[in-house]
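final.tsv follows (TSV, C-alpha atoms):
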```
chain	number	residue	atom	x	y	z
A	439	MET	CA	6.68	24.97	-26.16
A	440	THR	CA	7.30	21.25	-26.51
A	441	THR	CA	4.18	19.20	-27.04
A	442	ILE	CA	4.07	15.97	-25.00
A	443	THR	CA	2.25	13.20	-26.84
A	444	MET	CA	0.00	10.74	-25.07
A	445	ALA	CA	2.53	7.99	-25.79
A	446	ASP	CA	5.27	10.00	-24.06
A	447	GLN	CA	3.10	10.89	-21.08
A	448	GLU	CA	1.62	7.45	-20.43
A	449	ARG	CA	3.45	4.15	-20.10
A	450	ARG	CA	2.09	0.59	-19.72
A	451	GLN	CA	3.94	-1.55	-17.17
A	452	ASN	CA	3.69	-3.70	-14.05
A	453	VAL	CA	3.79	-2.16	-10.58
A	454	THR	CA	2.97	-3.16	-7.01
A	455	VAL	CA	0.26	-1.14	-5.27
A	456	LEU	CA	0.06	-0.82	-1.47
A	457	PHE	CA	-3.05	0.20	0.49
A	458	ILE	CA	-3.03	0.77	4.25
A	459	ASP	CA	-5.77	2.00	6.56
A	460	ILE	CA	-6.60	2.25	10.25
A	461	VAL	CA	-8.88	-0.37	11.78
A	462	GLY	CA	-11.99	1.24	13.30
A	463	PHE	CA	-11.10	4.74	12.12
A	464	THR	CA	-14.71	5.90	11.65
A	465	ALA	CA	-15.74	4.91	15.18
A	466	LEU	CA	-12.59	6.52	16.57
A	467	VAL	CA	-12.95	9.90	14.89
A	468	ASP	CA	-16.67	10.11	15.68
A	469	ARG	CA	-15.61	10.65	19.30
A	470	LEU	CA	-12.98	13.29	18.53
A	471	ASP	CA	-12.86	17.00	17.84
A	472	CYS	CA	-11.76	17.83	14.28
A	473	ALA	CA	-8.49	19.29	15.60
A	474	GLU	CA	-7.72	15.96	17.27
A	475	VAL	CA	-8.54	14.11	14.04
A	476	ARG	CA	-6.16	16.37	12.15
A	477	ALA	CA	-3.36	15.80	14.66
A	478	LEU	CA	-3.85	12.03	14.45
A	479	GLN	CA	-3.86	12.10	10.64
A	480	ARG	CA	-0.77	14.28	10.48
A	481	ASP	CA	1.22	11.91	12.68
A	482	TYR	CA	-0.09	8.81	10.88
A	483	PHE	CA	0.47	10.12	7.35
A	484	SER	CA	3.94	11.35	8.23
A	485	THR	CA	4.92	7.93	9.56
A	486	VAL	CA	3.49	6.01	6.61
A	487	SER	CA	4.86	8.31	3.91
A	488	GLY	CA	8.32	8.32	5.51
A	489	VAL	CA	8.49	4.51	5.42
A	490	VAL	CA	7.15	4.38	1.86
A	491	ARG	CA	9.80	6.82	0.64
A	492	ASP	CA	12.58	5.01	2.52
A	493	CYS	CA	11.55	1.79	0.75
A	494	GLY	CA	11.57	3.46	-2.68
A	495	GLY	CA	7.81	3.92	-3.18
A	496	ILE	CA	5.69	6.91	-4.16
A	497	VAL	CA	2.60	8.00	-2.25
A	498	GLU	CA	-0.14	8.44	-4.84
A	499	LYS	CA	-2.95	9.62	-2.59
A	500	TYR	CA	-4.30	10.05	0.93
A	501	VAL	CA	-8.03	9.44	1.45
A	502	GLY	CA	-9.49	9.69	4.95
A	503	ASP	CA	-7.33	7.20	6.85
A	504	ALA	CA	-6.12	5.34	3.74
A	505	VAL	CA	-2.77	5.72	2.04
A	506	MET	CA	-2.15	4.37	-1.46
A	507	ALA	CA	1.45	3.96	-2.60
A	508	VAL	CA	3.09	2.63	-5.77
A	509	PHE	CA	6.35	0.71	-6.17
A	510	GLY	CA	8.26	0.12	-9.40
A	511	ALA	CA	6.56	2.93	-11.31
A	512	GLY	CA	9.70	4.34	-12.94
A	513	ALA	CA	10.76	3.28	-16.41
A	514	ASP	CA	12.32	-0.22	-16.22
A	515	ASP	CA	12.05	-0.10	-12.41
A	516	PHE	CA	9.69	-3.01	-11.77
A	517	GLY	CA	11.01	-6.38	-10.68
A	518	PRO	CA	11.18	-8.71	-7.69
A	519	GLU	CA	13.13	-6.14	-5.64
A	520	ALA	CA	10.53	-3.40	-6.19
A	521	ALA	CA	7.65	-5.70	-5.27
A	522	ALA	CA	9.54	-6.99	-2.22
A	523	ALA	CA	10.29	-3.40	-1.19
A	524	ALA	CA	6.53	-2.75	-1.22
A	525	VAL	CA	5.95	-5.74	1.07
A	526	GLN	CA	8.78	-4.59	3.33
A	527	ALA	CA	7.18	-1.14	3.49
A	528	GLY	CA	3.94	-2.66	4.75
A	529	LEU	CA	5.75	-4.66	7.41
A	530	SER	CA	7.89	-1.66	8.42
A	531	VAL	CA	4.89	0.66	8.74
A	532	GLN	CA	3.17	-1.73	11.10
A	533	GLU	CA	6.36	-2.12	13.13
A	534	ALA	CA	6.73	1.68	13.34
A	535	LEU	CA	3.14	2.08	14.55
A	536	ARG	CA	3.03	-0.90	16.93
A	537	GLY	CA	2.57	0.31	20.51
A	538	ARG	CA	2.79	3.95	19.49
A	539	LEU	CA	0.29	6.63	20.54
A	540	LEU	CA	-0.46	8.84	17.55
A	541	ALA	CA	-0.60	12.53	18.42
A	542	GLY	CA	0.51	11.38	21.86
A	543	ARG	CA	-2.88	9.84	22.69
A	544	PHE	CA	-4.28	7.35	20.21
A	545	PRO	CA	-3.21	3.70	19.82
A	546	ILE	CA	-4.15	2.30	16.40
A	547	ARG	CA	-4.15	-0.94	14.46
A	548	THR	CA	-3.73	-1.16	10.69
A	549	ARG	CA	-4.34	-3.44	7.72
A	550	VAL	CA	-2.18	-3.56	4.59
A	551	GLY	CA	-3.05	-5.01	1.18
A	552	LEU	CA	-0.76	-5.30	-1.84
A	553	ALA	CA	-1.40	-6.31	-5.42
A	554	THR	CA	0.85	-6.55	-8.47
A	555	GLY	CA	-0.23	-6.15	-12.07
A	556	GLU	CA	-0.29	-4.10	-15.24
A	557	VAL	CA	-1.27	-0.43	-15.16
A	558	ILE	CA	-1.00	2.73	-17.19
A	559	VAL	CA	1.48	5.08	-15.51
A	560	ASP	CA	0.93	8.80	-16.09
A	561	THR	CA	4.47	10.17	-15.91
A	562	LEU	CA	3.34	13.79	-15.50
A	563	ALA	CA	1.42	12.84	-12.33
A	564	ALA	CA	4.32	10.83	-10.90
A	565	PHE	CA	5.14	12.98	-7.91
A	566	ASP	CA	4.70	12.36	-4.20
A	567	GLY	CA	1.05	12.98	-3.32
A	568	GLY	CA	0.08	13.17	-7.00
A	569	TYR	CA	-3.27	12.12	-8.45
A	570	GLY	CA	-4.23	9.67	-11.12
A	571	MET	CA	-0.67	8.45	-11.41
A	572	ILE	CA	-1.69	4.88	-12.26
A	573	SER	CA	-4.81	3.29	-13.73
A	574	GLY	CA	-5.72	-0.39	-13.75
A	575	SER	CA	-7.71	-3.08	-11.94
A	576	VAL	CA	-4.73	-3.83	-9.69
A	577	VAL	CA	-5.60	-0.65	-7.74
A	578	SER	CA	-9.03	-1.94	-6.73
A	579	THR	CA	-7.59	-5.40	-6.03
A	580	ALA	CA	-5.08	-3.96	-3.56
A	581	ALA	CA	-7.84	-1.93	-1.88
A	582	ARG	CA	-10.05	-5.03	-1.60
A	583	LEU	CA	-7.26	-7.14	-0.14
A	584	GLN	CA	-6.55	-4.47	2.46
A	585	ALA	CA	-10.22	-4.47	3.47
A	586	TYR	CA	-10.13	-8.26	4.01
A	587	ALA	CA	-6.76	-8.39	5.75
A	588	PRO	CA	-6.73	-9.52	9.39
A	589	HIS	CA	-5.85	-6.71	11.79
A	590	ASP	CA	-2.14	-5.90	12.06
A	591	THR	CA	-1.18	-7.98	9.02
A	592	VAL	CA	0.18	-7.44	5.52
A	593	VAL	CA	-1.55	-9.53	2.85
A	594	VAL	CA	-0.69	-9.86	-0.83
A	595	CYS	CA	-2.21	-11.29	-3.99
A	596	SER	CA	-0.85	-14.39	-5.70
A	597	ALA	CA	1.00	-12.31	-8.33
A	598	THR	CA	2.88	-10.40	-5.61
A	599	ARG	CA	3.74	-13.62	-3.81
A	600	GLU	CA	4.99	-15.26	-7.00
A	601	VAL	CA	7.34	-12.42	-7.91
A	602	THR	CA	8.70	-12.06	-4.35
A	603	ASP	CA	8.66	-15.69	-3.21
A	604	GLU	CA	12.46	-15.91	-2.95
A	605	LEU	CA	12.69	-12.66	-0.97
A	606	ILE	CA	9.72	-12.76	1.44
A	607	ALA	CA	8.38	-15.56	3.64
A	608	TYR	CA	4.60	-16.05	3.40
A	609	GLN	CA	1.77	-17.91	5.10
A	610	GLU	CA	-1.13	-19.03	2.90
A	611	LEU	CA	-4.55	-17.81	4.06
A	612	PRO	CA	-8.02	-18.96	2.92
A	613	PRO	CA	-9.14	-17.39	-0.39
A	614	VAL	CA	-11.64	-14.54	-0.11
A	615	SER	CA	-14.65	-13.72	-2.29
A	616	VAL	CA	-14.99	-9.99	-2.85
A	617	PRO	CA	-17.69	-7.92	-4.60
A	618	GLY	CA	-16.99	-7.32	-8.26
A	619	LYS	CA	-14.63	-10.27	-8.68
A	620	SER	CA	-15.94	-13.36	-10.47
A	621	TYR	CA	-13.52	-15.67	-8.67
A	622	PRO	CA	-12.07	-15.91	-5.13
A	623	LEU	CA	-8.80	-14.11	-4.53
A	624	ASP	CA	-5.89	-16.11	-3.19
A	625	LEU	CA	-4.47	-14.47	-0.08
A	626	TRP	CA	-0.98	-14.67	1.41
A	627	ARG	CA	0.23	-13.13	4.67
A	628	ALA	CA	3.71	-11.63	4.53
A	629	LEU	CA	5.84	-12.72	7.47
A	630	GLN	CA	9.41	-11.45	7.04
A	631	PRO	CA	12.21	-10.99	4.47
A	632	GLN	CA	14.10	-14.16	3.51
A	633	ALA	CA	17.18	-12.35	2.22
A	634	ALA	CA	19.43	-9.45	3.21
A	635	PRO	CA	17.67	-6.08	3.86
A	636	LEU	CA	16.31	-4.63	0.64
A	637	ALA	CA	17.83	-1.50	-0.81
A	638	ALA	CA	15.46	1.29	-1.81
A	639	VAL	CA	14.10	0.97	-5.36
A	640	ALA	CA	13.36	4.28	-7.06
```
What does this structure look like when you write it as structure tokens?
Amino acid sequence: MTTITMADQERRQNVTVLFIDIVGFTALVDRLDCAEVRALQRDYFSTVSGVVRDCGGIVEKYVGDAVMAVFGAGADDFGPEAAAAAVQAGLSVQEALRGRLLAGRFPIRTRVGLATGEVIVDTLAAFDGGYGMISGSVVSTAARLQAYAPHDTVVVCSATREVTDELIAYQELPPVSVPGKSYPLDLWRALQPQAAPLAAVA
């Protein structure tokens, strides 16, 4: 049996992390039977994961109503196109859900946060729905940005904006102070692509 060394299994590189969740999910599900919650989640997760895959991302985990996805995690895959594909995925998810009744009954609103930075990628965990695929502070930054995003928007950190500035149009928002960060985070709202439609980035 071939032994895989830690160096072979883990790789240090930049990626873009996407977090999306449903606004008011706790209050919504408190009024529902568990079977209704499951039907809502199934429809929601199916929609989000389909868009993520179409845009070249990998779903790392589902937690409650949150989906975390990673873009540019393959060897030599990260670049402006991968980061822009992550932003496009956020915009496309919200477009796919806008005006739609999940499980035939439930209208929802979402928030999306994206952050770009260095992580350790665990190549053995790099499969759709895997666990612990990436490790780094960028994960918590993306989650924080999502929590502070206005409803029905996609917001990104300054690093994501910088790498995608020629591909995505942005609107600057006021910086936000978040627990655990010693400095305010710059916030940018993604508006629309500035170039031709992005091809999927594996």
Requested in this report: Find the residues near range 525-536 of chain A: any atom within 7 Å, counting all atoms listed in the file, skip ones fewer than 6 places away on the same chain, and give them as a list in words.
Outcome: Val486, Val489, Val490, Cys493, Thr548, Val550, Asp590 and Val592 of chain A
Query raised in the report: Which residue out of A:Leu470, A:Val557, A:Ala541, A:Val594 has the minimum interatomic distance to Val576 in chain A when all atoms listed in the file are used?
Result: A:Val557
Requested in this report: Identify the residues around (2.6, -6.0, -6.5) within a radius of 7 Å, measuring from all atoms listed in the file in the coordinates stated by the file, and give them as a ChimeraX atom specification.
Outcome: /A:453-455,521,552-555,597-598
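Ranking A:Gln479, A:Ser615, A:Ser596, A:Thr579 by their shortest atom-to-atom distance to Asp503 in chain A, with all atoms listed in the file included, puts A:Gln479 first.
With all atoms listed in the file as the atoms that count, the residue of A:Ala504, A:Ala522, A:Gln447, A:Asp560 with the shortest distance to Tyr608 in chain A is A:Ala522.
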Query - Nearby residues (all atoms listed in the file) at most 10 Å from Gly502 in chain A, same-chain spacing under 5 positions excluded, as number ranges by chain - result: A: 459-460, 463-464, 479
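Of the listed residues (A:Tyr500, A:Tyr586, A:Phe509, A:Phe457), A:Tyr586 comes nearest to Trp626 in chain A; the distances count all atoms listed in the file.
The protein and nucleic acid residues lying at most 8 Å from Val461 in chain A are Ile546, Arg547, Thr548, Arg549 and His589 of chain A, with all atoms listed in the file considered and sequence neighbours fewer than 6 positions away removed.
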Report task. Show which residues sit within 8 Å of range 517-520 of chain A, as a VMD selection string. Count all atoms listed in the file, and ignore same-chain residues fewer than 2 positions away. Result -> chain A and resid 454 494 509 to 510 515 522 to 524 601 to 602 605 636 639
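Of the listed residues A:Asn452, A:Ile572, A:Pro612, A:Gly551, the one whose atoms come nearest to Ala587 in chain A is A:Gly551, with distances taken using all atoms listed in the file.
Pairwise distance (CA of Gln630 in chain A, CA of Ala507 in chain A) equals 19.8 Å.
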Report task. Using all atoms listed in the file, determine which residues lie at most 8 Å from Ala607 in chain A, disregarding the query and same-chain residues fewer than 5 positions distant; provide the list as a ChimeraX atom specification. Result -> /A:628-632
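Closest to Leu611 in chain A among A:Asp624, A:Glu498, A:Asp471, A:Glu556 is A:Asp624, based on all atoms listed in the file.
CA of Glu600 in chain A sits 12.8 Å away from CA of Arg627 in chain A.
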Put the listed atoms of range 618-632 of chain A in a box along x, y and z with 4 Å added on every side and give me the centre and edge lengths in Å to one decimal, as JSON.
```
{"center_x": -1.4, "center_y": -11.7, "center_z": -1.5, "size_x": 39.1, "size_y": 16.8, "size_z": 25.9}
```
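In this structure, CA of Val497 in chain A sits 23.9 Å away from CA of Ala473 in chain A.
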